[in-house]
file data.cif (mmCIF, C-alpha atoms)
data_query
#
loop_
_atom_site.label_atom_id
_atom_site.label_comp_id
_atom_site.auth_asym_id
_atom_site.auth_seq_id
_atom_site.Cartn_x
_atom_site.Cartn_y
_atom_site.Cartn_z
CA MET A 10 112.90 89.76 82.25
CA ASP A 11 115.79 87.72 83.59
CA GLN A 12 119.16 88.03 81.85
CA ALA A 13 119.29 84.22 81.78
CA LEU A 14 116.35 84.22 79.37
CA LEU A 15 118.19 86.41 76.86
CA ASP A 16 120.90 85.55 74.38
CA THR A 17 123.87 87.13 76.15
CA ALA A 18 125.76 87.28 72.89
CA ARG A 19 123.14 89.71 71.61
CA TYR A 20 121.56 91.52 74.57
CA LYS A 21 122.51 92.73 78.02
CA ILE A 22 120.29 93.94 80.87
CA SER A 23 121.54 96.61 83.24
CA MET A 24 119.76 98.24 86.18
CA LEU A 25 119.63 101.97 86.81
CA SER A 26 118.49 103.56 90.09
CA LEU A 27 117.25 107.16 89.94
CA ASP A 28 116.63 109.11 93.15
CA SER A 29 115.43 112.72 93.34
CA ARG A 30 117.84 113.37 96.21
CA PHE A 31 120.70 113.20 93.73
CA ALA A 32 119.15 115.07 90.82
CA ASP A 33 121.28 117.32 88.64
CA LYS A 34 118.35 119.63 87.94
CA TYR A 35 114.86 120.28 89.33
CA TYR A 36 112.11 121.66 87.09
CA ASP A 37 109.10 121.77 89.41
CA GLY A 38 110.03 120.55 92.87
CA THR A 39 111.15 117.00 93.53
CA ALA A 40 108.37 115.56 91.34
CA ASP A 41 110.12 116.71 88.14
CA TYR A 42 113.87 116.26 87.91
CA GLN A 43 116.74 115.28 85.64
CA ILE A 44 119.74 113.05 86.24
CA ARG A 45 122.65 112.88 83.81
CA LEU A 46 124.46 109.58 83.40
CA SER A 47 128.18 109.30 84.12
CA SER A 48 128.56 107.81 80.64
CA THR A 49 126.19 107.49 77.71
CA ALA A 50 124.01 104.37 77.72
CA LYS A 51 124.40 103.15 74.16
CA ASN A 52 122.31 100.94 71.91
CA ILE A 53 119.34 100.71 74.28
CA MET A 54 116.51 98.73 72.74
CA ARG A 55 114.04 98.61 75.62
CA ILE A 56 113.34 100.40 78.91
CA ALA A 57 111.21 98.89 81.66
CA LEU A 58 110.15 100.13 85.08
CA SER A 59 111.33 97.64 87.69
CA SER A 60 110.26 99.42 90.89
CA ILE A 61 109.12 102.79 92.15
CA GLU A 62 108.80 104.35 95.60
CA ILE A 63 106.60 107.46 95.85
CA PRO A 64 105.52 109.23 99.05
CA ASN A 65 101.79 109.92 98.83
CA VAL A 66 101.93 113.28 100.57
CA GLU A 67 100.29 115.73 98.18
CA TRP A 68 97.45 117.67 99.80
CA VAL A 69 94.04 116.69 98.44
CA PHE A 70 92.80 120.23 99.14
CA SER A 71 94.99 123.07 97.87
CA ALA A 72 94.98 126.26 95.83
CA LYS A 73 96.63 124.29 93.02
CA HIS A 74 93.71 121.87 92.94
CA GLY A 75 91.28 124.77 93.12
CA ASN A 76 89.20 123.21 95.89
CA ILE A 77 89.69 125.37 98.98
CA ASN A 78 87.50 128.36 98.16
CA PHE A 79 83.73 128.92 98.12
CA SER A 80 81.19 131.76 98.26
CA TRP A 81 77.83 132.15 99.96
CA ARG A 82 75.08 134.66 100.54
CA LEU A 83 71.73 134.83 102.28
CA THR A 84 68.76 134.80 99.88
CA THR A 85 67.75 138.12 101.38
CA SER A 86 71.00 139.70 100.19
CA SER A 87 72.76 140.14 96.84
CA ALA A 88 76.22 140.43 98.44
CA TRP A 89 78.43 137.35 98.22
CA THR A 90 80.94 136.43 100.94
CA ASP A 91 84.11 134.68 99.78
CA GLU A 92 85.70 132.11 102.09
CA THR A 93 88.72 129.81 102.05
CA ILE A 94 89.58 126.72 104.07
CA PRO A 95 93.21 125.84 104.92
CA ALA A 96 95.07 123.64 102.46
CA GLY A 97 95.79 120.09 103.59
CA ASN A 98 94.29 116.63 103.97
CA TYR A 99 91.04 116.08 105.85
CA THR A 100 88.79 113.45 107.30
CA PHE A 101 85.02 113.78 106.85
CA ASP A 102 84.66 115.45 110.23
CA SER A 103 87.67 117.75 109.97
CA LEU A 104 86.52 118.94 106.54
CA ALA A 105 83.06 119.68 107.96
CA ASP A 106 84.69 121.59 110.83
CA ALA A 107 86.85 123.65 108.45
CA ILE A 108 83.84 124.63 106.33
CA GLN A 109 81.81 125.46 109.42
CA ASP A 110 84.62 127.65 110.76
CA ALA A 111 84.73 129.50 107.43
CA LEU A 112 80.94 130.01 107.34
CA GLY A 113 80.74 131.33 110.90
CA THR A 114 78.65 130.83 114.03
CA ASN A 115 75.24 130.83 112.32
CA PHE A 116 75.99 127.58 110.50
CA THR A 117 76.53 123.95 111.39
CA VAL A 118 78.15 121.49 108.99
CA THR A 119 77.98 117.73 109.51
CA VAL A 120 78.68 114.53 107.59
CA SER A 121 76.36 111.58 108.14
CA PRO A 122 78.21 108.50 109.45
CA THR A 123 75.77 106.24 107.56
CA THR A 124 75.43 107.98 104.18
CA SER A 125 78.65 110.07 104.02
CA LEU A 126 76.54 113.01 102.80
CA MET A 127 77.33 116.52 103.99
CA THR A 128 74.62 118.82 105.37
CA ILE A 129 74.89 122.57 105.91
CA THR A 130 72.31 124.14 108.22
CA HIS A 131 71.64 127.78 109.03
CA THR A 132 70.85 127.74 112.75
CA LEU A 133 68.15 130.43 112.38
CA GLY A 134 66.48 128.65 109.47
CA THR A 135 67.37 131.41 107.02
CA ASP A 136 67.78 130.30 103.43
CA PHE A 137 71.15 130.82 101.78
CA VAL A 138 72.94 130.16 98.49
CA PHE A 139 76.21 128.21 98.35
CA ARG A 140 78.57 128.46 95.40
CA GLY A 141 81.34 125.83 95.43
CA ALA A 142 83.10 126.37 92.11
CA SER A 143 86.83 127.04 91.99
CA SER A 144 88.06 130.60 91.61
CA GLU A 145 90.30 129.30 88.80
CA SER A 146 88.39 129.25 85.52
CA ARG A 147 90.31 126.27 84.10
CA ILE A 148 89.03 124.19 87.02
CA ALA A 149 85.57 125.74 87.34
CA GLU A 150 84.91 124.92 83.67
CA ARG A 151 85.37 121.19 84.20
CA ARG A 152 82.44 118.82 83.91
CA ASN A 153 83.36 117.39 87.31
CA TYR A 154 85.91 118.05 90.06
CA TRP A 155 85.21 121.74 89.45
CA GLY A 156 85.87 122.93 93.01
CA LEU A 157 85.29 122.45 96.72
CA GLY A 158 81.54 121.99 96.26
CA TYR A 159 82.13 118.86 94.19
CA TYR A 160 84.29 117.35 96.94
CA MET A 161 81.55 118.23 99.44
CA GLY A 162 79.11 116.09 97.47
CA PHE A 163 77.25 118.74 95.44
CA ARG A 164 76.84 118.15 91.72
CA THR A 165 75.76 121.65 90.77
CA GLN A 166 78.03 124.62 91.32
CA GLU A 167 75.36 126.77 92.96
CA VAL A 168 72.87 125.37 95.48
CA THR A 169 70.05 127.09 97.40
CA SER A 170 68.91 125.79 100.78
CA VAL A 171 65.35 124.84 101.63
CA GLY A 172 64.32 125.92 105.11
CA GLY A 173 67.92 126.85 105.83
CA VAL A 174 69.19 123.33 105.10
CA MET A 175 71.06 121.83 102.16
CA THR A 176 72.47 118.32 101.77
CA GLY A 177 74.84 117.01 99.14
CA THR A 178 73.66 114.44 96.66
CA SER A 179 76.88 112.41 96.51
CA LEU A 180 79.59 111.21 98.87
CA VAL A 181 82.12 113.57 100.42
CA LEU A 182 85.54 113.09 98.79
CA VAL A 183 88.62 113.32 101.01
CA GLN A 184 90.68 110.47 99.52
CA SER A 185 94.00 111.00 97.79
CA ALA A 186 94.47 110.31 94.07
CA PRO A 187 94.08 106.61 93.18
CA TYR A 188 97.06 106.68 90.81
CA TYR A 189 99.88 108.77 89.37
CA LEU A 190 101.39 108.82 85.89
CA ILE A 191 105.14 108.71 85.35
CA GLN A 192 106.53 110.65 82.42
CA LEU A 193 110.00 109.96 81.01
CA GLU A 194 112.16 111.97 78.58
CA ILE A 195 115.54 110.86 77.14
CA PRO A 196 115.34 113.69 75.81
CA LYS A 197 112.33 112.83 73.63
CA PRO A 198 109.27 111.67 75.57
CA VAL A 199 108.88 107.92 76.00
CA GLU A 200 105.12 107.43 75.86
CA PRO A 201 103.82 103.87 75.48
CA LEU A 202 100.80 104.88 77.62
CA THR A 203 98.09 107.34 76.56
CA HIS A 204 95.88 108.97 79.22
CA ARG A 205 92.54 110.69 78.64
CA LEU A 206 91.97 114.12 80.19
CA MET A 207 88.97 116.45 80.30
CA GLU A 208 87.28 117.73 77.12
CA SER A 209 88.78 115.11 74.80
CA GLY A 210 92.36 116.01 75.81
CA TRP A 211 95.12 113.39 75.99
CA ILE A 212 98.63 113.17 77.41
CA GLY A 213 101.34 110.57 77.02
CA ALA A 214 103.18 108.83 79.84
CA PHE A 215 105.67 106.06 80.45
CA ALA A 216 103.76 104.23 83.18
CA LYS A 217 100.74 104.28 85.47
CA VAL A 218 101.38 103.66 89.17
CA VAL A 219 98.54 102.63 91.47
CA LEU A 220 98.52 104.23 94.95
CA ARG A 221 97.24 101.72 97.47
CA ASP A 222 97.45 102.98 101.05
CA GLY A 223 96.13 106.54 101.16
CA TYR A 224 97.95 109.73 102.03
CA TYR A 225 101.01 110.06 104.28
CA THR A 226 102.32 106.67 103.19
CA ILE A 227 104.97 105.52 100.74
CA SER A 228 103.56 103.67 97.75
CA PHE A 229 105.71 100.82 96.45
CA ASP A 230 105.21 99.35 93.00
CA ASP A 231 107.32 96.39 91.96
CA GLY A 232 105.27 95.31 88.96
CA GLY A 233 103.00 93.00 90.93
CA ASN A 234 99.78 94.57 89.59
CA MET A 235 100.53 93.32 86.04
CA LEU A 236 100.29 96.79 84.47
CA ARG A 237 102.79 96.95 81.64
CA LYS A 238 105.46 99.58 82.31
CA GLU A 239 107.93 99.34 79.48
CA ASN A 240 108.80 100.68 76.05
CA THR A 241 110.56 98.96 73.15
CA PHE A 242 112.16 101.29 70.63
CA LEU A 243 111.94 100.70 66.88
CA ALA A 244 115.71 101.09 66.73
CA PRO A 245 118.45 101.28 69.41
CA VAL A 246 118.90 104.68 71.08
CA ASN A 247 121.66 106.36 73.05
CA ILE A 248 120.77 107.98 76.37
CA GLN A 249 122.76 110.68 78.15
CA ALA A 250 120.19 111.79 80.73
CA PHE A 251 116.79 110.92 82.14
CA ARG A 252 114.08 113.43 83.04
CA VAL A 253 111.30 111.92 85.15
CA ARG A 254 108.07 113.57 86.24
CA VAL A 255 105.12 112.54 88.39
CA VAL A 256 101.74 113.86 87.23
CA ASP A 257 98.24 113.45 88.67
CA PRO A 258 95.12 112.23 86.82
CA PHE A 259 94.55 115.77 85.50
CA GLY A 260 98.04 115.95 83.97
CA ASP A 261 99.43 118.41 86.53
CA THR A 262 102.80 117.93 88.21
CA VAL A 263 102.30 116.45 91.67
CA ASN A 264 103.33 118.63 94.61
CA LEU A 265 105.42 116.23 96.67
CA LEU A 266 106.10 118.98 99.22
CA ASP A 267 109.85 118.55 98.66
CA MET A 268 109.71 114.88 99.64
CA ASP A 269 112.00 112.63 97.61
CA TRP A 270 111.11 109.59 95.51
CA SER A 271 112.98 107.01 93.47
CA LEU A 272 112.60 104.45 90.73
CA THR A 273 114.58 101.62 89.15
CA LEU A 274 114.81 101.13 85.39
CA GLU A 275 115.88 98.10 83.40
CA LEU A 276 117.89 98.96 80.28
CA TYR A 277 118.12 96.37 77.50
CA GLU A 278 121.28 96.94 75.48
CA VAL A 279 122.07 95.47 72.06
CA VAL A 280 125.66 94.21 72.33
CA ASN A 281 125.95 92.37 69.01
CA SER A 282 126.93 94.55 66.05
CA ARG A 283 125.15 92.33 63.53
CA VAL A 284 121.91 92.49 65.48
CA TYR A 285 122.29 96.27 65.83
CA SER A 286 122.85 96.65 62.08
CA ALA A 287 119.92 94.41 61.21
CA ILE A 288 117.53 96.33 63.48
CA SER A 289 118.77 99.71 62.30
CA GLU A 290 118.52 98.77 58.63
CA THR A 291 115.01 97.35 59.10
CA TYR A 292 113.72 100.62 60.48
CA GLY A 293 115.82 102.94 58.37
CA ARG A 294 118.14 104.23 61.10
CA ASN A 295 121.60 105.31 60.02
#
call {"tool": "encode", "arguments": {"input": "data.cif", "output": "structure tokens"}}
result
Amino acid sequence: MDQALLDTARYKISMLSLDSRFADKYYDGTADYQIRLSSTAKNIMRIALSSIEIPNVEWVFSAKHGNINFSWRLTTSSAWTDETIPAGNYTFDSLADAIQDALGTNFTVTVSPTTSLMTITHTLGTDFVFRGASSESRIAERRNYWGLGYYMGFRTQEVTSVGGVMTGTSLVLVQSAPYYLIQLEIPKPVEPLTHRLMESGWIGAFAKVVLRDGYYTISFDDGGNMLRKENTFLAPVNIQAFRVRVVDPFGDTVNLLDMDWSLTLELYEVVNSRVYSAISETYGRN
């Protein structure tokens, strides 16, 4: 909102730029930091997100996401072999190559250019069993996104080949997250947005930021997508510090790989004592 649209005798808008490079404290890498203000921001009635700049660099495949490990065995054997692919970001072909390298010389792994389905073939026609669930139970227990096998296009955690061949039933997933959530504490959480998680879980957030251009880019959000990114308090608050955190769709802190990010906040201050008193009395604030 433009200052010209407000009654300047009652309200004032100020802009605040927060940048992880200048944080006073880091909690979990650059994605979760705190900045203390040089002086207390008093009588703040509303906070709005004006802009945000986030590098989309988090690896789609990582131990944290639980999608780099798998197990397999021949149907003629009861012994499982555990394998891991390197963490990072992949194309369809490079993911197929990484899985093939992990399986060894008796396998070929391909992704169809027309269907985007992945096929694993034992070159001798020997049947095998593939288990693609994460080694982390909290991830393996999910209804979906339960491990590398899901990203490969399989929708059951354990698959047996037919004639030494198995093909996924859904598309290979190598894309980065479609959005992040921004959490804000001042020190209490500011949570006008509620986000659904797995198994009926919920988390609160300040804003949802859409990531448009894929990984290894910087995503800019200046409010053009019309998603509301603001919070109006029932009564004016005083703010000494801001803690900001970027979380993924599963509610986990994003690993920005020590890359920095920034955001701009609009602070709406009540500058008229009568207005402040009226608001505070209405909502029982002393």
call {"tool": "atom_distance", "arguments": {"input": "data.cif", "atom1": "atom CA of Gln166 of chain A", "atom2": "atom CA of Ser103 of chain A"}}
result
22.1 Å
call {"tool": "resolve_selection", "arguments": {"input": "data.cif", "expression": "the PyMOL selection byres ((chain A and resi 245-259) around 6)", "output": "PyMOL selection string"}}
result
chain A and resi 40-46+49-54+189-195+244+260-263
call {"tool": "residues_around", "arguments": {"input": "data.cif", "residues": "Gly223 of chain A", "least_positions_apart": "6", "cutoff": "9 Å", "atoms": "all atoms listed in the file", "output": "ChimeraX atom specification"}}
result
/A:65-66,184-187
call {"tool": "residues_around", "arguments": {"input": "data.cif", "residues": "Asp230 of chain A", "least_positions_apart": "3", "cutoff": "10 Å", "atoms": "all atoms listed in the file", "output": "NGL selection string"}}
result
:A and (58-63 or 218-221 or 227 or 233-234 or 272)
call {"tool": "resolve_selection", "arguments": {"input": "data.cif", "expression": "the PyMOL selection byres ((chain A and resi 241) around 9)", "output": "list in words"}}
result
Met54, Arg55, Ile56, Ala57, Pro201, Glu239, Asn240, Phe242, Leu243 and Ala244 of chain A
call {"tool": "closest_residue", "arguments": {"input": "data.cif", "among": "A:Asn153, A:Arg140, A:Val69, A:Met175", "to": "Phe116 of chain A", "atoms": "only C-alpha atoms"}}
result
A:Met175
call {"tool": "build_atoms", "arguments": {"input": "data.cif", "residues": "segment 38-54 of chain A", "atoms": "N, CA and C atoms", "output": "mmCIF file, in the frame of the given file"}}
result
data_model
loop_
_atom_site.group_PDB
_atom_site.id
_atom_site.type_symbol
_atom_site.label_atom_id
_atom_site.label_comp_id
_atom_site.auth_asym_id
_atom_site.auth_seq_id
_atom_site.Cartn_x
_atom_site.Cartn_y
_atom_site.Cartn_z
ATOM 1 N N GLY A 38 109.940 121.310 91.630
ATOM 2 C CA GLY A 38 110.030 120.550 92.870
ATOM 3 C C GLY A 38 110.626 119.169 92.632
ATOM 4 N N THR A 39 110.542 118.327 93.628
ATOM 5 C CA THR A 39 111.150 117.000 93.530
ATOM 6 C C THR A 39 110.385 116.059 92.609
ATOM 7 N N ALA A 40 109.160 116.437 92.207
ATOM 8 C CA ALA A 40 108.370 115.560 91.340
ATOM 9 C C ALA A 40 108.805 115.627 89.887
ATOM 10 N N ASP A 41 109.695 116.545 89.539
ATOM 11 C CA ASP A 41 110.120 116.710 88.140
ATOM 12 C C ASP A 41 111.601 117.039 88.151
ATOM 13 N N TYR A 42 112.432 116.052 87.828
ATOM 14 C CA TYR A 42 113.870 116.260 87.910
ATOM 15 C C TYR A 42 114.610 115.538 86.790
ATOM 16 N N GLN A 43 115.883 115.900 86.646
ATOM 17 C CA GLN A 43 116.740 115.280 85.640
ATOM 18 C C GLN A 43 118.020 114.758 86.289
ATOM 19 N N ILE A 44 118.454 113.604 85.826
ATOM 20 C CA ILE A 44 119.740 113.050 86.240
ATOM 21 C C ILE A 44 120.533 112.693 84.988
ATOM 22 N N ARG A 45 121.757 113.197 84.918
ATOM 23 C CA ARG A 45 122.650 112.880 83.810
ATOM 24 C C ARG A 45 123.480 111.649 84.162
ATOM 25 N N LEU A 46 123.687 110.790 83.184
ATOM 26 C CA LEU A 46 124.460 109.580 83.400
ATOM 27 C C LEU A 46 125.959 109.883 83.384
ATOM 28 N N SER A 47 126.724 109.095 84.100
ATOM 29 C CA SER A 47 128.180 109.300 84.120
ATOM 30 C C SER A 47 128.796 108.977 82.773
ATOM 31 N N SER A 48 128.150 108.103 82.017
ATOM 32 C CA SER A 48 128.560 107.810 80.640
ATOM 33 C C SER A 48 127.314 107.467 79.843
ATOM 34 N N THR A 49 127.354 107.693 78.563
ATOM 35 C CA THR A 49 126.190 107.490 77.710
ATOM 36 C C THR A 49 125.809 106.013 77.669
ATOM 37 N N ALA A 50 124.525 105.740 77.878
ATOM 38 C CA ALA A 50 124.010 104.370 77.720
ATOM 39 C C ALA A 50 123.723 104.173 76.237
ATOM 40 N N LYS A 51 124.466 103.292 75.610
ATOM 41 C CA LYS A 51 124.400 103.150 74.160
ATOM 42 C C LYS A 51 123.601 101.917 73.740
ATOM 43 N N ASN A 52 122.997 102.049 72.572
ATOM 44 C CA ASN A 52 122.310 100.940 71.910
ATOM 45 C C ASN A 52 121.214 100.323 72.780
ATOM 46 N N ILE A 53 120.427 101.183 73.416
ATOM 47 C CA ILE A 53 119.340 100.710 74.280
ATOM 48 C C ILE A 53 118.116 100.397 73.417
ATOM 49 N N MET A 54 117.639 99.182 73.545
ATOM 50 C CA MET A 54 116.510 98.730 72.740
ATOM 51 C C MET A 54 115.194 98.781 73.508
#
